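Enquirer: First the structure, then my questions, so here it is.
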Amino acid sequence: MKIKKEWTHRYIVVTGVVQGVGFRPFVYRVAKKFGLKGHVCNTSSGVKIHIEGLRGAVETFLKYLETDAPPLAKIDSIAVEAQPLHGFADFEIVTSDDASEKSTSVSPDVSVCEMCLQEMHDPSNRRYRYPFINCTDCGPRYTITTTVPYDRPNTSMAKFEMCPACAEEYENKMDRRYHAQPISCFDCGPTLSLLDGAGQAVDCSDPLAACAERLKKGAIVAVKGLGGFHLMCDATNNEAVQRLRERKRRPIKPFAVMVKDLEMAKTLAEISDAEEALLVSRERPIVLLKKSTHYTLHTTHLSGVVVPRIDRIGIMLPYTPLHELLFDMIDRPLVATSANLSDEPIIRASVVLVEKLGHIVDAILDHDRDIINACDDSVMQVVGGQPLWLRVARGIAPLTLPLKKPTRRKILAVGANQKNTIALAFADRIIVSPHIGDLNGIEAMEYFDRTVETFKRFYDFTPDIIAHDKHPGYETTKWTHQFKIQHPTCKIISVQHHYAHALAVMAEHGLRNEKVLAFCWDGTGYGDDGTIWGSEVLHADASECRRVVSLRPFRLLGGEKAIKEPRRVALELLFECFTLDEVLALENPTVDAFRPAEIRLLHQAWEKGINAPVTTSMGRLFDAVASLCGICQYLGFEGESGMRIEALARNVDAKPYPLPLEGGRLEWSHMIHEIAHMPDTKVVASRFIATLVEMVFAVASRMPDMPLLFAGGVFQNRTLVEHIVARCEAEGRTFYLPKKLSPNDGAVSLGQLWYALGQE
Ligand code: ZN
Ligand code: ZN
Ligand code: FE
């Protein structure tokens with residue numbers, strides 16, 4: 001009886017990403033190690049554990065839960081409750097106590113782990129050079145899952161029957177592949193094949209070696225990755241990269257590059273410790289790095305057409321065993337760009353690839369493990385030592401955020417039209433989908449629909465509230481109204497675009513009632529007055545907002561055309577500041593970018609206000625400034641002017657231009673006057689960034705106690721963000737920036753969701 005007193009029985013509930021990440025076997029191994037009894041099972045509300053044994057051992061067990069959980073697990077909470085002794089005979093993994101495991105989060109995909117790589121490179125291992133090696137800690141998840149629970153029959157591995165050797169590992173609780181759903185080997189798993197552009201199998205004994213051989217000779221090869229195909233070619237081969245650009249009709253937009261290892265990355269870019277850590281992280285994102293400028297003997301001479309015009313380069317390390325094997329045979333960086341037609345989603349099946357891109361590839365490295373859910377590469381950069389995400393996808397998303405206060409509703413937020421993502425809230429969590437992309441065509445909308453269906457299936461989810469953007473023309477708005485017709489009881493909430501930007505950052509930081517001064521700057525968003533907003537300063541909390549400051553509105557000459565031609569935006573600002581004759585007499589790159597007759601014609605249209613929508617867009621002000629000082633007159637890709645201003649703005653002490661605040665409007669005419677007369681590129685870039693920083697703090701000084709918040713695509717600008725962060729820290733101001741999601745439209749769904757959650 002005395003011994004029994006030292007025994008204890010605890011009931012533990014662990015929530016978070018704890019399914020399909022080897023959590024139960026981990027619990028099993030720890031329990032066994034300390035001679036504890038009881039059981040563990042998955043349930044709809046998380047992993048439930050009964051643990052019984054000596055008090056000290058139980059305490060140690062609890063510590064292990066917190067500190068030694070499997071790498072893929074993301075624990076939100078551990079609830080512990082003392083219970084009367086039960087007298088368990090052993091420790092067991094029991095089958096789930098309810099059939100519906102619909103609410104356990106689906107884990108993102110993870111790059112191949114160190115242990116698997118070691119096995120793959122060990123000639124004595126049975127998976128030596130096996131391109132699909134994985135274990136409980138690594139490999140595909142979201143991209144191969146059709147539904148939950150995450151079990152092999154619910155993945156694209158269902159069609160591969162395990163061989164006895166794999167089955168043994170799968171069944172063995174002490175094995176590191178216990179219940180690793182995508183487990184396989186040469187005898188039982190998927191196989192590689194090499195196809196030509198027409199989809200015909202190429203006769204070769206080793207498709208991987210044949211693929212490497214072709215790449216080395218300058219071929220363009222589509223390679224199947226985790227979430228879709230990449231188009232790859234030798235990044236040091238000018239002719240190959242140029243051919244890819246021509247065939248893909250993508251003249252300027254930068255390509256990302258995959259390198260063999262960190263060492264090779266360092267021959268291409270300058271890499272800080274923080275950047276290095278992200279490059280080698282499990283998530284393996286594309287990291288935007290500063291192109292190397294110190295050419296040495298070891299410099300890899302990257303083709304100049306991989307990333308023209310800007311000083312940054314997107315680099316990623318291999319993340320699948322297949323990529324690793326490819327780089328065992330290739331000693332140079334490879335262009336690795338998503339295989340898609342411009343504006344269409346990333347391609348995930350070789351039949352589609354042949355149909356759409358068959359004419360541009362020389363070969364296809366394919367395999368028969370289907371990609372169920374497409375997923376692009378994630379993209380990020382380090383700003384002021386902190387990660388700043390530009391695209392949240394493979395490795396990170398689906399992203400789960402815990403809700404402090406559970407909701408009884410099922411809420412769906414459908415996001416913005418550009419860089420679309422969707423977000424869900426139910427029970428105790430928020431889930432944000434991977435990047436879906438720009439919803440500009442039928443293919444993109446199909447991808448959007450498919451993603452909504454996937455998440456509805458994953459979480460047995462039919463929304464009772466949908467939150468969407470106020471823009472009446474957005475595809476997502478139309479989709480919402482269509483849904484409402486089919487589900488009349490569903491409540492619809494619309495959220496203004498820039499407010500949603502601010503709300504997304506509030507959501508990340510758990511802000512609800514705290515008032516903030518939110519600087520929401522981007523290219524375009526539908527404003528409450530029906531014009532295009534984009535430089536809004538909002539006085540806001542999670543339930544209401546007031547627009548307090550924005551740029552003095554201007555017009556976009558030629559509407560949509562102006563978005564691709566900075567010279568048009570700049571010319572309009574010149575028209576606002578000068579007479580026609582004065583404009584024609586100016587010695588300025590914007591004026592030089594037109595013929596005088598064109599300027600006269602545009603002036604007439606301007607006077608009549610024909611096809612000239614009103615905007616307060618900060619993105620367009622960047623374009624105008626870039627044009628006025630001769631950086632660029634036509635955009636090769638979205639955000640180009642900002643990236644180039646960022647690169648040129650080197651002088652941290654540059655004198656700001658005057659940008660006075662007059663009745664809630666920032667008056668830019670003085671600034672435009674000065675730039676028009678003194679269009680020195682570097683000076684203008686530095687002074688323009690200084691102006692924006694000065695303006696932020698001039699506005700902020702009127703509300704000295706209010707925390708500042710920054711959101712919107714403009715805050716992808718590294719120079720701008722670095723200056724703002726430094727100034728906030730110097731002045732001791734509380735400020736909020738996005739940490740897990742991007743500042744751009746990819747976060748709008750989360751903002752919409754956060755608003756809807758507050759409306760219950
Ligand atoms: Zn592994
Ligand atoms: Zn096998
Ligand atoms: Fe936006």
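Here, A, B, ... name the chains of the structure tokens in the order displayed, residue numbers run from 1 inside each chain, and ligands are numbered from 1 in the same displayed order.
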For ligand 2, collect every residue having any atom at a distance of at most 9 Å from a ligand atom (counting only C-alpha atoms and all ligand atoms); output as a list in words.
Expert: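 Listing the residues within 9 Å of ligand 2 gives Glu161, Met162, Cys163, Pro164, Ala165, Cys166, Ala167, Ile183, Ser184, Cys185, Phe186, Asp187, Cys188 and Gly189 of chain A.
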Enquirer: Name all residues at most 12 Å from range 250-256 of chain A (count only C-alpha atoms; drop same-chain ones fewer than 2 positions away) and give them as a VMD selection string.
Expert: chain A and resid 230 to 235 241 to 248 258 to 259 285 to 289 302 to 317 333 to 343 377 to 380 634 to 640 643
Enquirer: To check your reading of the model: which residues sit at most 6 Å from ligand 1 when counting only C-alpha atoms and all ligand atoms? Write the answer as a short mmCIF file (atom, residue, chain, number, x, y, z; two decimals) with C-alpha atoms, in the first residue's frame.
Expert:
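Below is the file that was written, part_22.cif:
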```cif
data_model
loop_
_atom_site.label_atom_id
_atom_site.label_comp_id
_atom_site.auth_asym_id
_atom_site.auth_seq_id
_atom_site.Cartn_x
_atom_site.Cartn_y
_atom_site.Cartn_z
CA VAL A 112 14.51 15.44 -45.98
CA CYS A 113 16.16 14.99 -42.56
CA MET A 115 19.25 10.74 -40.68
CA CYS A 116 17.52 9.90 -43.96
CA ASN A 134 11.54 9.63 -45.66
CA CYS A 135 10.70 8.98 -42.03
CA ASP A 137 10.37 13.37 -39.01
CA CYS A 138 10.54 14.30 -42.67
#
```
Enquirer: Identify, counting only C-alpha atoms and all ligand atoms, the protein, DNA and RNA residues located within 6 Å of ligand 3, and give them as a list in words.
Expert: Asp522, Thr524, Gly525, Gly712, Asn744 and Asp745 of chain A
Enquirer: Any chance you can output those residues with N, CA and C atoms as a compact mmCIF listing (two decimals), in the first residue's frame?
Expert:
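Wrote it out as out29.txt, contents follow:
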```txt
# COMPACT_ATOMS: atom_id res chain seq x y z
N ASP A 522 0.19 49.80 -50.01
CA ASP A 522 0.36 48.78 -51.04
C ASP A 522 0.11 49.36 -52.41
N THR A 524 -2.61 48.49 -54.55
CA THR A 524 -4.01 48.71 -54.89
C THR A 524 -4.95 47.96 -53.95
N GLY A 525 -6.05 48.62 -53.62
CA GLY A 525 -7.08 47.99 -52.81
C GLY A 525 -8.33 48.86 -52.90
N GLY A 712 0.97 45.70 -45.63
CA GLY A 712 0.82 46.01 -47.05
C GLY A 712 2.12 45.76 -47.78
N ASN A 744 2.23 41.37 -47.61
CA ASN A 744 1.46 41.61 -48.84
C ASN A 744 0.07 40.96 -48.79
N ASP A 745 -0.59 40.91 -49.95
CA ASP A 745 -1.99 40.46 -49.98
C ASP A 745 -2.19 39.01 -49.53
```
Enquirer: List the neighbours of range 546-553 of chain A out to 7 Å using only C-alpha atoms; skip same-chain residues closer than 4 positions along the sequence, and give me the result as a VMD selection string.
Expert: chain A and resid 535 to 540 614 to 616 664 to 667
Enquirer: Could you give me the residues within range 77-326 of chain A that DSSP places in helix (DSSP H, G or I), as a PyMOL selection string?
Expert: chain A and resi 114-120+142-144+152-154+164-171+207-216+238-248+262-266+273-279+321-326
Enquirer: Take CA of Thr147 in chain A and CA of Gly22 in chain A and report the distance between them in Å, one decimal.
Expert: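 Computing it gives 17.9 Å between the two atoms.
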Enquirer: For Ala73 in chain A, please output as a ChimeraX atom specification all residues within 8 Å (counting only C-alpha atoms; exclusion window: fewer than 2 positions along the same chain).
Expert: /A:16-19,21-23,69-71,75
Enquirer: Select, from A:Lys608, A:Lys260, A:His50, A:Arg450, the residue with the minimum atom-to-atom distance to Glu92 in chain A, counting only C-alpha atoms.
Expert: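 Closest candidate: A:His50.
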Enquirer: With 12 Å as the cut-off and only C-alpha atoms counted, what is the closest atom pair between each nearby residue of range 113-166 of chain A and range 459-465 of chain A? Distances in Å to one decimal, ordered by chain and number, as a tab-separated table.
Expert:
```
residue	atom	partner	partner_atom	distance
A:Thr146	CA	A:Tyr459	CA	11.6
A:Thr147	CA	A:Tyr459	CA	8.6
A:Val148	CA	A:Tyr459	CA	7.9
A:Pro149	CA	A:Tyr459	CA	9.8
A:Tyr150	CA	A:Tyr459	CA	11.9
```
Enquirer: Would you return as an NGL selection string the members of range 296-458 of chain A that DSSP assigns to strand (DSSP E) on this structure's backbone?
Expert: :A and (312-316 or 334-338 or 363-367 or 379-383 or 386-391 or 399-413 or 423-432)
Enquirer: Near Leu192 in chain A, within 7 Å and counting only C-alpha atoms, which residues show up once chain neighbours fewer than 3 positions away are dropped, as a list in words?
Expert: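 After dropping sequence-adjacent residues, the list is Pro207, Asp366 and His367 of chain A.
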Enquirer: Just to be explicit: take each residue in the selection above, keep all heavy atoms, and write the result as a compact mmCIF listing (two decimals), in the first residue's frame.
Expert:
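The file below, result_38.txt, is the result:
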```txt
# COMPACT_ATOMS: atom_id res chain seq x y z
N PRO A 207 17.14 7.31 -64.88
CA PRO A 207 16.52 8.58 -65.27
C PRO A 207 17.19 9.79 -64.61
O PRO A 207 17.32 10.85 -65.23
CB PRO A 207 15.08 8.44 -64.77
CG PRO A 207 14.84 6.98 -64.64
CD PRO A 207 16.17 6.37 -64.30
N ASP A 366 9.97 12.66 -64.05
CA ASP A 366 8.65 12.43 -63.46
C ASP A 366 8.72 11.26 -62.48
O ASP A 366 9.69 10.50 -62.46
CB ASP A 366 7.67 12.09 -64.60
CG ASP A 366 6.22 12.15 -64.16
OD1 ASP A 366 5.92 12.79 -63.12
OD2 ASP A 366 5.36 11.56 -64.85
N HIS A 367 7.70 11.12 -61.65
CA HIS A 367 7.56 9.90 -60.85
C HIS A 367 6.07 9.68 -60.58
O HIS A 367 5.24 10.55 -60.89
CB HIS A 367 8.38 9.96 -59.57
CG HIS A 367 8.02 11.08 -58.64
ND1 HIS A 367 6.85 11.11 -57.94
CD2 HIS A 367 8.68 12.22 -58.32
CE1 HIS A 367 6.81 12.20 -57.20
NE2 HIS A 367 7.89 12.90 -57.41
```
Enquirer: Excluding Asp331 in chain A and its own-chain neighbours fewer than 6 positions away, which residues fall within 12 Å of it when counting only C-alpha atoms? Please give them as a ChimeraX atom specification.
Expert: /A:212-213,215-216,234-236,258-261,263-265,300,324-325
Enquirer: For each of A:Glu453, A:Thr145, A:Glu344, A:Asn373, take the minimum atom-to-atom distance to Asp438 in chain A, counting only C-alpha atoms, then give the residue where this is smallest.
Expert: A:Glu344
Enquirer: Pick out the residues sitting within 9 Å of range 509-521 of chain A, and hand them over as a count of residues only; count only C-alpha atoms, and ignore anything fewer than 5 positions along from it in its own chain.
Expert: 42
Enquirer: Report, in Å to a single decimal, how far apart CA of Glu276 in chain A and CA of Gly218 in chain A are.
Expert: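 Distance between the two atoms: 29.1 Å.
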Enquirer: Between A:Asp428, A:Glu544, A:Glu283, A:Asp90, which is the closest to Ala756 in chain A once you count only C-alpha atoms?
Expert: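 With only C-alpha atoms as the atom set, the closest residue is A:Glu544.
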Enquirer: Please measure the separation of CA of Ala374 in chain A and CA of Glu275 in chain A, giving the value in Å to one decimal.
Expert: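 Distance between the two atoms: 26.3 Å.
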